[in-house]
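Source file: work_13.tsv (TSV, C-alpha atoms)
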```tsv
chain	number	residue	atom	x	y	z
Z	1	MET	CA	0.02	-7.89	-14.69
Z	2	GLN	CA	-2.11	-5.57	-12.53
Z	3	ASN	CA	0.34	-5.94	-9.66
Z	4	ASN	CA	2.80	-3.85	-11.64
Z	5	LEU	CA	0.34	-1.05	-12.09
Z	6	ASN	CA	0.21	2.00	-9.90
Z	7	LEU	CA	-3.43	2.97	-10.27
Z	8	LYS	CA	-5.51	5.54	-8.45
Z	9	LYS	CA	-8.53	3.25	-8.62
Z	10	SER	CA	-8.86	-0.51	-8.38
Z	11	TYR	CA	-7.78	-2.48	-11.42
Z	12	ASP	CA	-11.32	-3.62	-12.15
Z	13	GLU	CA	-12.69	-0.12	-11.98
Z	14	VAL	CA	-10.09	1.08	-14.45
Z	15	LEU	CA	-10.81	-1.87	-16.73
Z	16	LEU	CA	-14.43	-0.78	-16.86
Z	17	VAL	CA	-13.47	2.83	-17.58
Z	18	TYR	CA	-11.15	1.66	-20.33
Z	19	ASN	CA	-13.76	-0.67	-21.78
Z	20	ILE	CA	-16.34	2.09	-22.05
Z	21	LEU	CA	-13.89	4.49	-23.64
Z	22	LYS	CA	-12.81	1.85	-26.15
Z	23	ARG	CA	-16.42	1.00	-27.03
Z	24	LEU	CA	-16.96	4.65	-27.82
Z	25	GLY	CA	-13.94	4.77	-30.09
Z	26	SER	CA	-11.76	6.51	-27.55
Z	27	GLY	CA	-9.16	5.45	-24.97
Z	28	ASN	CA	-6.12	6.30	-27.09
Z	29	MET	CA	-3.33	8.20	-25.39
Z	30	SER	CA	-0.96	9.06	-28.21
Z	31	ALA	CA	-2.30	12.43	-29.34
Z	32	PHE	CA	-3.26	15.38	-27.16
Z	33	GLU	CA	-6.69	15.60	-28.77
Z	34	ASP	CA	-7.30	11.92	-28.00
Z	35	ARG	CA	-6.51	12.52	-24.35
Z	36	ILE	CA	-8.90	15.48	-24.23
Z	37	LYS	CA	-11.59	13.32	-25.80
Z	38	ASN	CA	-11.01	10.58	-23.19
Z	39	GLN	CA	-11.51	13.10	-20.43
Z	40	LYS	CA	-14.76	14.44	-21.82
Z	41	ILE	CA	-16.24	11.05	-22.58
Z	42	GLN	CA	-15.39	9.83	-19.10
Z	43	TYR	CA	-16.98	12.97	-17.65
Z	44	PHE	CA	-20.23	12.18	-19.46
Z	45	ALA	CA	-19.96	8.45	-18.69
Z	46	GLN	CA	-19.93	9.34	-15.01
Z	47	LEU	CA	-22.99	11.51	-15.44
Z	48	PHE	CA	-24.79	8.61	-17.11
Z	49	LYS	CA	-23.63	6.45	-14.16
Z	50	ILE	CA	-21.98	3.76	-16.21
Z	51	SER	CA	-18.42	4.39	-15.14
Z	52	PRO	CA	-16.60	4.76	-11.81
Z	53	SER	CA	-16.24	8.34	-10.61
Z	54	TYR	CA	-13.05	10.31	-10.86
Z	55	ASP	CA	-12.74	13.76	-9.36
Z	56	PHE	CA	-12.75	16.44	-12.04
Z	57	ASN	CA	-11.58	20.01	-11.93
Z	58	LEU	CA	-12.07	22.72	-14.50
Z	59	TYR	CA	-9.10	23.35	-16.77
Z	60	ILE	CA	-8.58	25.39	-19.92
Z	61	ARG	CA	-9.94	22.62	-22.10
Z	62	GLY	CA	-12.90	21.88	-19.81
Z	63	PRO	CA	-13.39	19.37	-16.99
Z	64	TYR	CA	-10.25	17.32	-16.45
Z	65	SER	CA	-9.27	14.62	-14.00
Z	66	PRO	CA	-5.55	14.20	-13.25
Z	67	ASP	CA	-6.29	10.81	-11.64
Z	68	LEU	CA	-8.05	9.60	-14.77
Z	69	ALA	CA	-5.12	10.79	-16.89
Z	70	HIS	CA	-2.75	8.98	-14.55
Z	71	ASP	CA	-4.67	5.69	-14.75
Z	72	LEU	CA	-5.02	5.81	-18.52
Z	73	TYR	CA	-1.32	6.56	-18.90
Z	74	GLU	CA	-0.57	3.65	-16.62
Z	75	MET	CA	-2.72	1.29	-18.69
Z	76	ASP	CA	-1.18	2.58	-21.89
Z	77	LYS	CA	2.40	2.41	-20.59
Z	78	ASN	CA	1.92	-1.18	-19.49
Z	79	LYS	CA	0.25	-2.04	-22.79
Z	80	ILE	CA	-2.87	-3.42	-21.14
Z	81	ASP	CA	-4.99	-4.70	-23.97
Z	82	ILE	CA	-8.60	-5.43	-23.21
Z	83	LYS	CA	-11.31	-7.36	-24.95
Z	84	ILE	CA	-14.16	-4.94	-25.57
Z	85	GLU	CA	-17.31	-6.29	-23.95
Z	86	TYR	CA	-20.91	-5.30	-23.40
Z	87	LEU	CA	-21.96	-4.35	-19.91
Z	88	THR	CA	-23.29	-7.31	-17.96
Z	89	LEU	CA	-26.35	-5.61	-16.51
Z	90	PRO	CA	-29.10	-4.55	-18.96
Z	91	THR	CA	-29.80	-1.34	-17.01
Z	92	LEU	CA	-26.22	-0.24	-17.51
Z	93	GLU	CA	-26.20	-1.28	-21.15
Z	94	SER	CA	-29.29	0.84	-21.67
Z	95	ARG	CA	-27.54	3.80	-20.03
Z	96	PHE	CA	-24.55	3.15	-22.27
Z	97	GLU	CA	-26.75	3.40	-25.36
Z	98	LYS	CA	-28.06	6.75	-24.14
Z	99	LEU	CA	-24.52	8.00	-23.64
Z	100	LYS	CA	-23.50	6.75	-27.07
Z	101	LYS	CA	-26.42	8.59	-28.64
Z	102	PHE	CA	-25.58	11.73	-26.70
Z	103	ILE	CA	-21.96	11.94	-27.79
Z	104	LYS	CA	-22.52	10.69	-31.32
Z	105	GLY	CA	-21.35	13.16	-33.94
Z	106	LYS	CA	-20.04	15.69	-31.43
Z	107	THR	CA	-16.65	17.21	-32.08
Z	108	ILE	CA	-14.07	17.49	-29.30
Z	109	ARG	CA	-14.79	21.21	-29.16
Z	110	GLU	CA	-18.50	20.54	-28.70
Z	111	LEU	CA	-17.79	17.98	-25.97
Z	112	GLU	CA	-15.58	20.54	-24.25
Z	113	ILE	CA	-18.19	23.27	-24.39
Z	114	VAL	CA	-21.12	21.18	-23.21
Z	115	SER	CA	-19.11	19.60	-20.39
Z	116	THR	CA	-17.83	23.02	-19.31
Z	117	LEU	CA	-21.34	24.46	-19.29
Z	118	HIS	CA	-22.58	21.46	-17.32
Z	119	TRP	CA	-19.70	21.84	-14.87
Z	120	LEU	CA	-20.41	25.53	-14.29
Z	121	ASN	CA	-24.15	25.06	-13.96
Z	122	GLN	CA	-24.37	21.77	-12.09
Z	123	MET	CA	-21.08	21.36	-10.24
Z	124	VAL	CA	-20.39	24.98	-9.35
Z	125	ASN	CA	-24.13	25.64	-9.11
Z	126	LEU	CA	-23.99	28.85	-11.07
Z	127	PRO	CA	-27.40	30.00	-12.31
Z	128	LEU	CA	-27.68	29.28	-16.03
Z	129	LYS	CA	-27.26	32.90	-17.12
Z	130	GLN	CA	-24.06	33.24	-15.08
Z	131	ALA	CA	-22.84	29.88	-16.34
Z	132	GLU	CA	-23.40	31.09	-19.92
Z	133	GLN	CA	-21.43	34.24	-19.21
Z	134	ARG	CA	-18.54	32.30	-17.68
Z	135	LEU	CA	-18.64	29.91	-20.61
Z	136	LYS	CA	-18.32	32.80	-23.05
Z	137	GLU	CA	-15.29	34.10	-21.18
Z	138	LEU	CA	-13.59	30.75	-20.72
Z	139	LYS	CA	-14.23	29.13	-24.07
Z	140	LYS	CA	-14.80	32.13	-26.33
Z	141	VAL	CA	-17.93	30.52	-27.69
Z	142	SER	CA	-19.86	31.96	-30.61
Z	143	GLU	CA	-23.59	32.62	-30.35
Z	144	GLU	CA	-24.18	29.54	-32.47
Z	145	GLU	CA	-22.06	27.40	-30.17
Z	146	LEU	CA	-23.80	28.82	-27.14
Z	147	THR	CA	-27.25	28.06	-28.52
Z	148	LEU	CA	-26.21	24.53	-29.36
Z	149	SER	CA	-24.60	23.92	-25.98
Z	150	LEU	CA	-27.69	25.16	-24.12
Z	151	LYS	CA	-29.82	22.78	-26.13
Z	152	GLU	CA	-27.42	19.92	-25.48
Z	153	LEU	CA	-27.31	20.71	-21.77
Z	154	GLU	CA	-31.08	20.42	-21.68
Z	155	VAL	CA	-30.92	17.06	-23.47
Z	156	LEU	CA	-28.18	15.90	-21.13
Z	157	ASN	CA	-30.09	16.86	-18.00
Z	158	GLU	CA	-33.17	15.05	-19.28
Z	159	GLU	CA	-31.22	11.92	-20.17
Z	160	ILE	CA	-29.36	11.61	-16.90
Z	161	LYS	CA	-32.49	12.33	-14.90
Z	162	ALA	CA	-34.44	9.54	-16.62
O	1	MET	CA	-8.05	-10.58	-5.47
O	2	LYS	CA	-6.62	-13.93	-4.44
O	3	LYS	CA	-8.73	-17.02	-4.46
O	4	SER	CA	-8.04	-17.43	-0.74
O	5	LYS	CA	-9.95	-14.24	-0.11
O	6	LEU	CA	-13.17	-15.80	-1.23
O	7	LYS	CA	-14.91	-17.04	1.87
O	8	ARG	CA	-18.01	-19.03	2.39
O	9	MET	CA	-20.23	-17.58	5.10
O	10	ASN	CA	-23.82	-16.61	5.63
O	11	SER	CA	-25.01	-13.10	4.84
O	12	LYS	CA	-24.80	-11.76	8.39
O	13	GLU	CA	-21.25	-12.98	8.83
O	14	ILE	CA	-20.29	-11.45	5.54
O	15	GLU	CA	-21.79	-8.08	6.41
O	16	LYS	CA	-19.96	-8.15	9.72
O	17	HIS	CA	-16.59	-9.15	8.40
O	18	TYR	CA	-16.67	-7.54	4.99
O	19	PRO	CA	-18.60	-4.28	5.14
O	20	ASN	CA	-17.08	-3.19	1.84
O	21	SER	CA	-18.14	-6.19	-0.14
O	22	ILE	CA	-20.49	-7.18	-2.87
O	23	ILE	CA	-22.39	-10.38	-2.18
O	24	LEU	CA	-22.91	-12.61	-5.17
O	25	ARG	CA	-25.50	-15.34	-5.03
O	26	ASP	CA	-26.10	-18.19	-7.34
O	27	SER	CA	-29.72	-17.72	-8.40
O	28	LYS	CA	-30.26	-21.49	-8.50
O	29	LYS	CA	-28.89	-22.04	-5.02
O	30	VAL	CA	-29.89	-18.95	-3.05
O	31	ASN	CA	-29.59	-20.63	0.31
O	32	GLU	CA	-26.21	-22.15	-0.31
O	33	PRO	CA	-22.87	-20.63	0.58
O	34	ILE	CA	-22.22	-17.34	-1.06
O	35	TYR	CA	-19.24	-15.96	-2.84
O	36	ILE	CA	-18.13	-12.55	-1.80
O	37	LEU	CA	-15.92	-10.06	-3.42
O	38	GLU	CA	-14.03	-7.39	-1.61
O	39	TYR	CA	-13.59	-4.00	-3.11
O	40	GLU	CA	-11.39	-2.17	-0.67
O	41	LYS	CA	-10.58	0.70	-2.97
O	42	PHE	CA	-14.11	1.35	-4.19
O	43	PRO	CA	-15.36	4.73	-3.05
O	44	GLN	CA	-18.76	3.59	-1.87
O	45	LYS	CA	-20.37	6.98	-1.66
O	46	LYS	CA	-19.58	7.74	-5.27
O	47	LEU	CA	-20.57	4.48	-6.90
O	48	ASP	CA	-24.16	3.53	-7.14
O	49	HIS	CA	-25.03	-0.02	-6.25
O	50	ILE	CA	-25.70	-1.30	-9.74
O	51	LEU	CA	-22.29	-0.09	-10.90
O	52	ARG	CA	-20.60	-1.82	-7.98
O	53	VAL	CA	-22.38	-5.04	-8.92
O	54	GLU	CA	-21.25	-4.66	-12.54
O	55	ILE	CA	-17.63	-4.24	-11.47
O	56	ALA	CA	-17.90	-7.19	-9.11
O	57	LEU	CA	-19.39	-9.41	-11.83
O	58	ARG	CA	-16.68	-8.43	-14.28
O	59	LYS	CA	-14.07	-9.11	-11.66
O	60	CYS	CA	-15.54	-12.58	-11.09
O	61	GLU	CA	-15.50	-13.19	-14.82
O	62	ARG	CA	-11.88	-12.06	-15.05
O	63	LEU	CA	-10.84	-14.26	-12.14
O	64	LYS	CA	-13.04	-17.10	-13.37
O	65	VAL	CA	-14.53	-17.36	-9.88
O	66	PHE	CA	-17.53	-19.40	-10.94
O	67	GLN	CA	-15.52	-21.91	-12.91
O	68	GLN	CA	-13.29	-22.98	-10.05
```

Have the structure of the file written as C-alpha coordinates, please.
Amino acid sequence: MQNNLNLKKSYDEVLLVYNILKRLGSGNMSAFEDRIKNQKIQYFAQLFKISPSYDFNLYIRGPYSPDLAHDLYEMDKNKIDIKIEYLTLPTLESRFEKLKKFIKGKTIRELEIVSTLHWLNQMVNLPLKQAEQRLKELKKVSEEELTLSLKELEVLNEEIKA
Amino acid sequence: MKKSKLKRMNSKEIEKHYPNSIILRDSKKVNEPIYILEYEKFPQKKLDHILRVEIALRKCERLKVFQQ
(Lines of atoms letter the chains of each structure in order from A and count residues from 1; the text may use other names and numbers.)
(Lines give C-alpha, C1' and ligand atoms only; values in the text may rest on other atoms or scores of the structure.)
Protein backbone atom coordinates (compact mmCIF):
# COMPACT_ATOMS: atom_id res chain seq x y z
CA MET A 1 0.00 0.00 0.00
CA GLN A 2 2.77 2.45 0.91
CA ASN A 3 4.11 2.34 -2.64
CA ASN A 4 1.04 4.28 -3.73
CA LEU A 5 1.68 7.02 -1.23
CA ASN A 6 3.45 10.23 -2.04
CA LEU A 7 4.85 11.14 1.36
CA LYS A 8 7.29 13.81 2.41
CA LYS A 9 8.76 11.49 5.03
CA SER A 10 9.36 7.76 5.02
CA TYR A 11 6.31 5.57 5.47
CA ASP A 12 7.48 4.34 8.86
CA GLU A 13 8.07 7.83 10.14
CA VAL A 14 4.58 8.86 9.11
CA LEU A 15 3.13 5.74 10.72
CA LEU A 16 4.71 6.78 13.99
CA VAL A 17 3.40 10.33 13.67
CA TYR A 18 -0.06 8.97 12.93
CA ASN A 19 0.10 6.50 15.80
CA ILE A 20 0.94 9.22 18.31
CA LEU A 21 -1.79 11.51 17.05
CA LYS A 22 -4.33 8.69 17.21
CA ARG A 23 -3.28 7.74 20.74
CA LEU A 24 -3.93 11.31 21.77
CA GLY A 25 -7.40 11.28 20.24
CA SER A 26 -6.36 13.24 17.19
CA GLY A 27 -5.31 12.40 13.62
CA ASN A 28 -8.69 13.12 12.03
CA MET A 29 -8.69 15.17 8.86
CA SER A 30 -12.36 15.83 8.20
CA ALA A 31 -12.90 19.10 10.08
CA PHE A 32 -10.72 22.20 9.99
CA GLU A 33 -10.47 22.26 13.78
CA ASP A 34 -9.26 18.64 13.77
CA ARG A 35 -6.51 19.53 11.33
CA ILE A 36 -5.43 22.47 13.50
CA LYS A 37 -5.34 20.16 16.51
CA ASN A 38 -3.18 17.64 14.61
CA GLN A 39 -0.70 20.36 13.82
CA LYS A 40 -0.40 21.56 17.40
CA ILE A 41 -0.13 18.10 18.90
CA GLN A 42 2.56 17.17 16.41
CA TYR A 43 4.40 20.40 17.24
CA PHE A 44 4.46 19.43 20.92
CA ALA A 45 5.23 15.77 20.14
CA GLN A 46 8.37 16.95 18.37
CA LEU A 47 9.36 19.05 21.34
CA PHE A 48 8.96 16.01 23.59
CA LYS A 49 11.10 14.10 21.05
CA ILE A 50 8.68 11.28 20.48
CA SER A 51 7.84 12.02 16.88
CA PRO A 52 9.82 12.67 13.69
CA SER A 53 10.46 16.33 12.96
CA TYR A 54 8.57 18.31 10.39
CA ASP A 55 9.51 21.87 9.55
CA PHE A 56 7.01 24.33 10.98
CA ASN A 57 6.30 27.91 10.08
CA LEU A 58 4.14 30.41 11.88
CA TYR A 59 0.67 30.89 10.42
CA ILE A 60 -2.45 32.69 11.58
CA ARG A 61 -3.51 29.74 13.70
CA GLY A 62 -0.03 29.15 15.14
CA PRO A 63 2.83 26.87 14.08
CA TYR A 64 1.89 24.89 10.99
CA SER A 65 3.72 22.40 8.81
CA PRO A 66 2.59 22.07 5.18
CA ASP A 67 4.56 18.81 4.89
CA LEU A 68 2.77 17.34 7.88
CA ALA A 69 -0.58 18.40 6.42
CA HIS A 70 0.41 16.79 3.12
CA ASP A 71 1.38 13.49 4.75
CA LEU A 72 -1.74 13.30 6.89
CA TYR A 73 -3.92 14.06 3.88
CA GLU A 74 -2.12 11.34 1.98
CA MET A 75 -2.72 8.81 4.75
CA ASP A 76 -6.34 9.86 5.02
CA LYS A 77 -6.95 9.83 1.26
CA ASN A 78 -5.52 6.34 0.98
CA LYS A 79 -7.53 5.20 4.00
CA ILE A 80 -4.48 3.93 5.86
CA ASP A 81 -5.84 2.41 9.02
CA ILE A 82 -3.37 1.70 11.77
CA LYS A 83 -3.44 -0.38 14.89
CA ILE A 84 -2.74 1.95 17.80
CA GLU A 85 0.29 0.71 19.69
CA TYR A 86 2.46 1.69 22.62
CA LEU A 87 5.96 2.90 21.88
CA THR A 88 8.49 0.09 21.95
CA LEU A 89 11.13 1.87 24.00
CA PRO A 90 10.28 2.71 27.64
CA THR A 91 12.12 6.05 27.46
CA LEU A 92 9.86 7.14 24.62
CA GLU A 93 6.75 5.82 26.32
CA SER A 94 7.68 7.87 29.37
CA ARG A 95 8.06 10.97 27.19
CA PHE A 96 4.69 10.17 25.63
CA GLU A 97 3.06 10.16 29.07
CA LYS A 98 4.55 13.58 29.77
CA LEU A 99 3.18 14.90 26.50
CA LYS A 100 -0.22 13.40 27.21
CA LYS A 101 -0.29 15.08 30.61
CA PHE A 102 0.80 18.37 29.09
CA ILE A 103 -1.93 18.53 26.46
CA LYS A 104 -4.65 17.01 28.60
CA GLY A 105 -7.66 19.28 28.97
CA LYS A 106 -6.27 22.00 26.72
CA THR A 107 -8.59 23.50 24.15
CA ILE A 108 -7.44 24.02 20.57
CA ARG A 109 -7.21 27.74 21.30
CA GLU A 110 -4.95 27.07 24.28
CA LEU A 111 -2.76 24.73 22.21
CA GLU A 112 -2.51 27.44 19.57
CA ILE A 113 -1.52 30.13 22.04
CA VAL A 114 1.07 28.11 23.94
CA SER A 115 2.64 26.77 20.73
CA THR A 116 2.74 30.27 19.25
CA LEU A 117 4.38 31.68 22.38
CA HIS A 118 6.88 28.83 22.36
CA TRP A 119 7.59 29.42 18.68
CA LEU A 120 8.21 33.14 19.19
CA ASN A 121 10.36 32.66 22.26
CA GLN A 122 12.30 29.52 21.40
CA MET A 123 12.33 29.30 17.60
CA VAL A 124 12.54 32.98 16.74
CA ASN A 125 14.53 33.61 19.92
CA LEU A 126 12.56 36.67 20.90
CA PRO A 127 13.06 37.69 24.53
CA LEU A 128 10.00 36.67 26.55
CA LYS A 129 8.63 40.21 26.88
CA GLN A 130 8.82 40.73 23.12
CA ALA A 131 7.33 37.30 22.50
CA GLU A 132 4.42 38.22 24.79
CA GLN A 133 3.88 41.44 22.87
CA ARG A 134 3.92 39.65 19.51
CA LEU A 135 1.57 37.04 20.91
CA LYS A 136 -0.89 39.73 21.95
CA GLU A 137 -0.82 41.21 18.46
CA LEU A 138 -1.04 37.92 16.60
CA LYS A 139 -3.54 36.04 18.70
CA LYS A 140 -5.42 38.85 20.44
CA VAL A 141 -4.98 37.11 23.76
CA SER A 142 -6.67 38.29 26.93
CA GLU A 143 -4.67 38.93 30.09
CA GLU A 144 -6.03 35.70 31.49
CA GLU A 145 -4.92 33.76 28.42
CA LEU A 146 -1.52 35.39 28.54
CA THR A 147 -0.99 34.49 32.18
CA LEU A 148 -2.02 30.92 31.52
CA SER A 149 0.18 30.59 28.45
CA LEU A 150 3.23 31.94 30.30
CA LYS A 151 2.66 29.39 33.02
CA GLU A 152 2.24 26.61 30.48
CA LEU A 153 5.37 27.69 28.62
CA GLU A 154 7.30 27.37 31.85
CA VAL A 155 5.88 23.89 32.43
CA LEU A 156 6.65 22.94 28.84
CA ASN A 157 10.25 24.11 29.03
CA GLU A 158 10.75 22.18 32.26
CA GLU A 159 9.22 19.01 30.84
CA ILE A 160 11.18 18.98 27.61
CA LYS A 161 14.41 19.81 29.41
CA ALA A 162 14.03 16.88 31.83
CA MET B 1 12.14 -2.05 2.44
CA LYS B 2 12.55 -5.29 0.53
CA LYS B 3 13.75 -8.39 2.25
CA SER B 4 16.68 -8.52 -0.19
CA LYS B 5 17.96 -5.30 1.32
CA LEU B 6 18.65 -6.98 4.60
CA LYS B 7 22.27 -7.99 4.56
CA ARG B 8 24.37 -9.96 6.92
CA MET B 9 27.72 -8.33 7.60
CA ASN B 10 29.88 -7.36 10.53
CA SER B 11 29.55 -3.93 12.12
CA LYS B 12 32.44 -2.32 10.27
CA GLU B 13 31.18 -3.47 6.90
CA ILE B 14 27.75 -2.18 7.74
CA GLU B 15 29.02 1.23 8.77
CA LYS B 16 31.02 1.44 5.57
CA HIS B 17 28.28 0.37 3.22
CA TYR B 18 25.26 1.71 5.02
CA PRO B 19 26.12 4.95 6.79
CA ASN B 20 22.44 5.79 7.11
CA SER B 21 21.43 2.64 8.86
CA ILE B 22 20.26 1.42 12.19
CA ILE B 23 21.98 -1.73 13.36
CA LEU B 24 19.77 -4.19 15.16
CA ARG B 25 21.33 -6.93 17.23
CA ASP B 26 19.79 -9.96 18.75
CA SER B 27 20.60 -9.61 22.44
CA LYS B 28 21.01 -13.38 22.79
CA LYS B 29 23.42 -13.65 19.88
CA VAL B 30 25.42 -10.43 19.94
CA ASN B 31 28.31 -11.83 17.96
CA GLU B 32 26.22 -13.36 15.25
CA PRO B 33 25.26 -11.75 11.97
CA ILE B 34 23.31 -8.58 12.35
CA TYR B 35 20.22 -7.32 10.68
CA ILE B 36 20.37 -3.83 9.36
CA LEU B 37 17.72 -1.45 8.33
CA GLU B 38 18.22 1.37 5.92
CA TYR B 39 16.48 4.64 6.43
CA GLU B 40 17.42 6.67 3.41
CA LYS B 41 14.83 9.37 3.95
CA PHE B 42 15.46 9.88 7.66
CA PRO B 43 16.84 13.33 8.36
CA GLN B 44 19.61 12.25 10.70
CA LYS B 45 20.36 15.63 12.15
CA LYS B 46 16.78 16.12 13.25
CA LEU B 47 16.04 12.73 14.76
CA ASP B 48 17.65 11.72 17.96
CA HIS B 49 19.07 8.25 18.12
CA ILE B 50 16.44 6.70 20.34
CA LEU B 51 13.69 7.84 17.99
CA ARG B 52 15.52 6.37 15.01
CA VAL B 53 15.77 3.07 16.87
CA GLU B 54 12.04 3.18 17.67
CA ILE B 55 11.19 3.71 14.01
CA ALA B 56 13.56 0.95 12.95
CA LEU B 57 12.06 -1.49 15.47
CA ARG B 58 8.54 -0.67 14.35
CA LYS B 59 9.59 -1.12 10.77
CA CYS B 60 11.02 -4.55 11.61
CA GLU B 61 7.79 -5.45 13.35
CA ARG B 62 5.76 -4.31 10.36
CA LEU B 63 7.91 -6.26 7.94
CA LYS B 64 8.11 -9.21 10.33
CA VAL B 65 11.89 -9.21 9.92
CA PHE B 66 12.55 -11.37 12.96
CA GLN B 67 10.02 -14.00 12.04
CA GLN B 68 11.48 -14.82 8.65

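If you look at atom CA of Leu120 of chain Z and atom CA of Ser30 of chain Z, they are 29.0 Å away from each other.
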
Which residues of chain Z come within 8 Å of chain O, and for each one, what is the closest pair of atoms and their distance in Å to one decimal, counting only C-alpha atoms, sorted by chain and residue number, as a tab-separated table?
```
residue	atom	partner	partner_atom	distance
Z:Lys9	CA	O:Lys41	CA	6.5
Z:Ser10	CA	O:Lys41	CA	5.8
Z:Asp12	CA	O:Lys59	CA	6.2
Z:Glu13	CA	O:Ile55	CA	6.5
Z:Leu16	CA	O:Ile55	CA	7.2
Z:Lys49	CA	O:Leu51	CA	7.4
Z:Ile50	CA	O:Leu51	CA	6.6
Z:Ser51	CA	O:Leu51	CA	7.3
Z:Pro52	CA	O:Leu47	CA	6.3
Z:Ser53	CA	O:Lys46	CA	6.3
Z:Leu87	CA	O:Glu54	CA	7.4
Z:Thr88	CA	O:Glu54	CA	6.4
Z:Leu89	CA	O:Glu54	CA	6.5
Z:Leu92	CA	O:Leu51	CA	7.7
```

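In this structure, atom CA of Phe32 of chain Z sits 19.7 Å away from atom CA of Ile80 of chain Z.
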
Item to check | Length of the atom CA of Phe102 of chain Z to atom CA of Tyr11 of chain Z vector [Å] | outcome: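 A separation of 27.4 Å between them.
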
Item to check | Nearest residue to Leu15 of chain Z from the set Z:Ala45, Z:Ile36, Z:Asp76, Z:Ile82 (distances using all atoms listed in the file) | outcome: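 Of all the options, Z:Ile82 lies closest to Leu15 of chain Z.
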
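Counting all atoms listed in the file and comparing Z:Glu159, Z:Glu110, Z:Glu74, Z:Glu152, the residue that lies closest to Ser94 of chain Z is Z:Glu159.
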
Item to check | Neighbour list for Thr116 of chain Z as an MDAnalysis selection string, cut-off 8 Å, only C-alpha atoms, skip fewer than 2 positions in-chain | outcome: chainID Z and resid 58 62:63 112:114 118:120 135

Residue completion, segment 52-64 of chain Z, N, CA and C atoms, as a PDB file, in the frame of the given file:
```pdb
ATOM      1  N   PRO Z  52     -17.027   4.292 -13.136  1.00  0.00           N
ATOM      2  CA  PRO Z  52     -16.600   4.760 -11.810  1.00  0.00           C
ATOM      3  C   PRO Z  52     -16.230   6.248 -11.821  1.00  0.00           C
ATOM      4  N   SER Z  53     -16.429   6.886 -10.686  1.00  0.00           N
ATOM      5  CA  SER Z  53     -16.240   8.340 -10.610  1.00  0.00           C
ATOM      6  C   SER Z  53     -14.806   8.761 -10.313  1.00  0.00           C
ATOM      7  N   TYR Z  54     -14.308   9.603 -11.150  1.00  0.00           N
ATOM      8  CA  TYR Z  54     -13.050  10.310 -10.860  1.00  0.00           C
ATOM      9  C   TYR Z  54     -13.408  11.730 -10.475  1.00  0.00           C
ATOM     10  N   ASP Z  55     -12.541  12.345  -9.686  1.00  0.00           N
ATOM     11  CA  ASP Z  55     -12.740  13.760  -9.360  1.00  0.00           C
ATOM     12  C   ASP Z  55     -12.259  14.614 -10.522  1.00  0.00           C
ATOM     13  N   PHE Z  56     -13.111  15.531 -10.943  1.00  0.00           N
ATOM     14  CA  PHE Z  56     -12.750  16.440 -12.040  1.00  0.00           C
ATOM     15  C   PHE Z  56     -12.608  17.861 -11.545  1.00  0.00           C
ATOM     16  N   ASN Z  57     -11.687  18.578 -12.148  1.00  0.00           N
ATOM     17  CA  ASN Z  57     -11.580  20.010 -11.930  1.00  0.00           C
ATOM     18  C   ASN Z  57     -11.695  20.702 -13.289  1.00  0.00           C
ATOM     19  N   LEU Z  58     -11.932  21.998 -13.237  1.00  0.00           N
ATOM     20  CA  LEU Z  58     -12.070  22.720 -14.500  1.00  0.00           C
ATOM     21  C   LEU Z  58     -10.716  23.254 -14.958  1.00  0.00           C
ATOM     22  N   TYR Z  59     -10.352  22.887 -16.176  1.00  0.00           N
ATOM     23  CA  TYR Z  59      -9.100  23.350 -16.770  1.00  0.00           C
ATOM     24  C   TYR Z  59      -9.422  24.130 -18.050  1.00  0.00           C
ATOM     25  N   ILE Z  60      -8.382  24.585 -18.708  1.00  0.00           N
ATOM     26  CA  ILE Z  60      -8.580  25.390 -19.920  1.00  0.00           C
ATOM     27  C   ILE Z  60      -9.437  24.662 -20.949  1.00  0.00           C
ATOM     28  N   ARG Z  61      -9.182  23.381 -21.104  1.00  0.00           N
ATOM     29  CA  ARG Z  61      -9.940  22.620 -22.100  1.00  0.00           C
ATOM     30  C   ARG Z  61     -11.156  21.917 -21.494  1.00  0.00           C
ATOM     31  N   GLY Z  62     -11.683  22.445 -20.407  1.00  0.00           N
ATOM     32  CA  GLY Z  62     -12.900  21.880 -19.810  1.00  0.00           C
ATOM     33  C   GLY Z  62     -12.591  20.983 -18.637  1.00  0.00           C
ATOM     34  N   PRO Z  63     -13.608  20.236 -18.152  1.00  0.00           N
ATOM     35  CA  PRO Z  63     -13.390  19.370 -16.990  1.00  0.00           C
ATOM     36  C   PRO Z  63     -12.288  18.346 -17.261  1.00  0.00           C
ATOM     37  N   TYR Z  64     -11.419  18.194 -16.280  1.00  0.00           N
ATOM     38  CA  TYR Z  64     -10.250  17.320 -16.450  1.00  0.00           C
ATOM     39  C   TYR Z  64      -9.942  16.651 -15.128  1.00  0.00           C
TER      40      TYR Z  64
END
```
